[in-house]
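Colleague: Below are the structure tokens for one structure; questions will follow.
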Amino acid sequence: MENAVKTTTRIKRKNNVRKLTALGMLGAISLILVSTVHFPIIPAAPFLEYDPADVPILIGTFAFGPIAGFLLTVVVSIIQGMTVSAASGGPIGIIMHIFATGSCVLVAGNIYRRNKTRKTAAVALTVGALIMTGAMVIMNLIFTPLFLGQSMETVIPMLLPAIIPFNLIKAGVNCIITFVLYKSISHLIKGE
């Protein structure tokens, strides 16, 4: 009986190390992506830049669950905000990234974990992208006036021509990439 307990404990420990290692690698990939691939996609708002950094976070969410994905989001957001994006947002950027990606991760991850099929993944990512876009409307109404040092009335006219389309495109592209990649690499991430 004692040997069975030791074996189970050893297996759990090994799985936890594997999970932490995979999440650490996904976090590192996310940071590399945000520092190397970023460009404006809405000419009216060149400060809104697309980056694929959420793809590894979403992959980690599907592989290890919404809580692991959210914790990965927090860690990546803080590191990114203190290094790669330090000059373009500071604490406001960190909070907005946690809220935006976190809302997508929690929603998509909770939908996907109930039924891990391609159809459910498509629904989860679609709903996650829409929730992220809605969350960013709220966050932009709160934080963009602080960041720009202007009133909310300055931000409201930017919603429809810039902020909403940008977030729909960014979230949509990242979710599509996640959908295409996840099943083919999930066994590598999980160590199966």
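Labeling convention for the structure tokens: chains A, B, ... as they appear, residues from 1 per chain, ligands from 1 in order of appearance.
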Using DSSP secondary structure from the backbone, list all strand (DSSP E or B) positions within region 12-82 of chain A, as a ChimeraX atom specification.
Modeller: /A:39-40,49-50
Colleague: Within 12 Å of Ile156 (chain A), counting only C-alpha atoms, which residues qualify if same-chain residues fewer than 6 places away don't, as a list in words?
Modeller: Val137, Ile138, Met139, Asn140, Leu141, Ile142, Thr144, Pro145, Gln150, Ala162, Ile163 and Ile164 of chain A
Colleague: Could you give me, as a Markdown table, a per-residue list for region 108-151 of chain A showing, wherever an atom lies at most 12 Å from an atom of region 51-58 of chain A, the closest pair of atoms and their distance in Å to one decimal, using only C-alpha atoms and sorting by chain then residue number from low to high?
Modeller:
```
| residue | atom | partner | partner_atom | distance |
| --- | --- | --- | --- | --- |
| A:Ala108 | CA | A:Leu58 | CA | 8.3 |
| A:Gly109 | CA | A:Leu58 | CA | 8.0 |
| A:Asn110 | CA | A:Leu58 | CA | 11.7 |
| A:Tyr112 | CA | A:Leu58 | CA | 10.9 |
| A:Ala121 | CA | A:Leu58 | CA | 10.8 |
| A:Ala124 | CA | A:Leu58 | CA | 10.7 |
| A:Leu125 | CA | A:Leu58 | CA | 8.9 |
| A:Gly128 | CA | A:Leu58 | CA | 10.0 |
| A:Ala129 | CA | A:Asp54 | CA | 11.0 |
| A:Met132 | CA | A:Asp54 | CA | 11.4 |
```
Colleague: Pick out the residues sitting within 7 Å of region 74-84 of chain A, and hand them over as a ChimeraX atom specification; count only C-alpha atoms, and ignore anything fewer than 2 positions along from it in its own chain.
Modeller: /A:27,31,35,70-72,86,90,93-94,97-98
Colleague: Could you work out how far CA of Pro165 (chain A) lies from CA of Ile59 (chain A), giving the answer in Å with one decimal?
Modeller: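 Value for the CA of Ile59 (chain A)-CA of Pro165 (chain A) distance: 23.6 Å.
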Colleague: From region 7-185 of chain A, collect each residue whose DSSP state is alpha helix (DSSP H) and return the set as a PyMOL selection string.
Modeller: chain A and resi 7-36+54-64+66-82+90-114+118-148+152-158+164-185
Colleague: Compile the contact shell of His38 (chain A) as number ranges by chain: residues with an atom at most 7 Å away, counting only C-alpha atoms, same-chain residues fewer than 4 positions apart removed.
Modeller: A: 34, 49-51
Colleague: Keeping only N, CA and C atoms, write those residues as a short mmCIF file (atom, residue, chain, number, x, y, z; two decimals), in the first residue's frame.
Modeller:
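Everything below was put into part-v9.cif:
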```cif
data_model
loop_
_atom_site.label_atom_id
_atom_site.label_comp_id
_atom_site.auth_asym_id
_atom_site.auth_seq_id
_atom_site.Cartn_x
_atom_site.Cartn_y
_atom_site.Cartn_z
N VAL A 34 5.07 38.86 -28.61
CA VAL A 34 4.67 40.26 -28.45
C VAL A 34 5.84 41.21 -28.71
N GLU A 49 -1.95 48.01 -31.74
CA GLU A 49 -1.14 47.09 -32.52
C GLU A 49 -1.56 45.65 -32.31
N TYR A 50 -1.65 44.91 -33.42
CA TYR A 50 -1.92 43.47 -33.34
C TYR A 50 -0.65 42.77 -32.87
N ASP A 51 -0.83 41.75 -32.04
CA ASP A 51 0.25 40.82 -31.70
C ASP A 51 -0.38 39.46 -31.42
#
```
Colleague: Would you mind telling me which residue in A:Val107, A:Leu48, A:Ala63, A:Ile42 lies nearest to Lys183 (chain A) when using only C-alpha atoms?
Modeller: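 For Lys183 (chain A), the nearest of the given residues is A:Ala63.
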Colleague: Pick the closest to Thr133 (chain A) from A:Met96, A:Ala4, A:Leu23, A:Ala44: which is it, counting only C-alpha atoms?
Modeller: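 Among A:Met96, A:Ala4, A:Leu23, A:Ala44, it is A:Met96 that comes nearest to Thr133 (chain A).
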Colleague: Quote the spacing between CA of Thr61 (chain A) and CA of Leu106 (chain A) in Å to one decimal place.
Modeller: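 Going from CA of Thr61 (chain A) over to CA of Leu106 (chain A) covers 8.3 Å.
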Colleague: Please indicate the distance in Å from CA of Val5 (chain A) to CA of Arg113 (chain A), rounded to one decimal place.
Modeller: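 Interatomic distance here is 28.2 Å.
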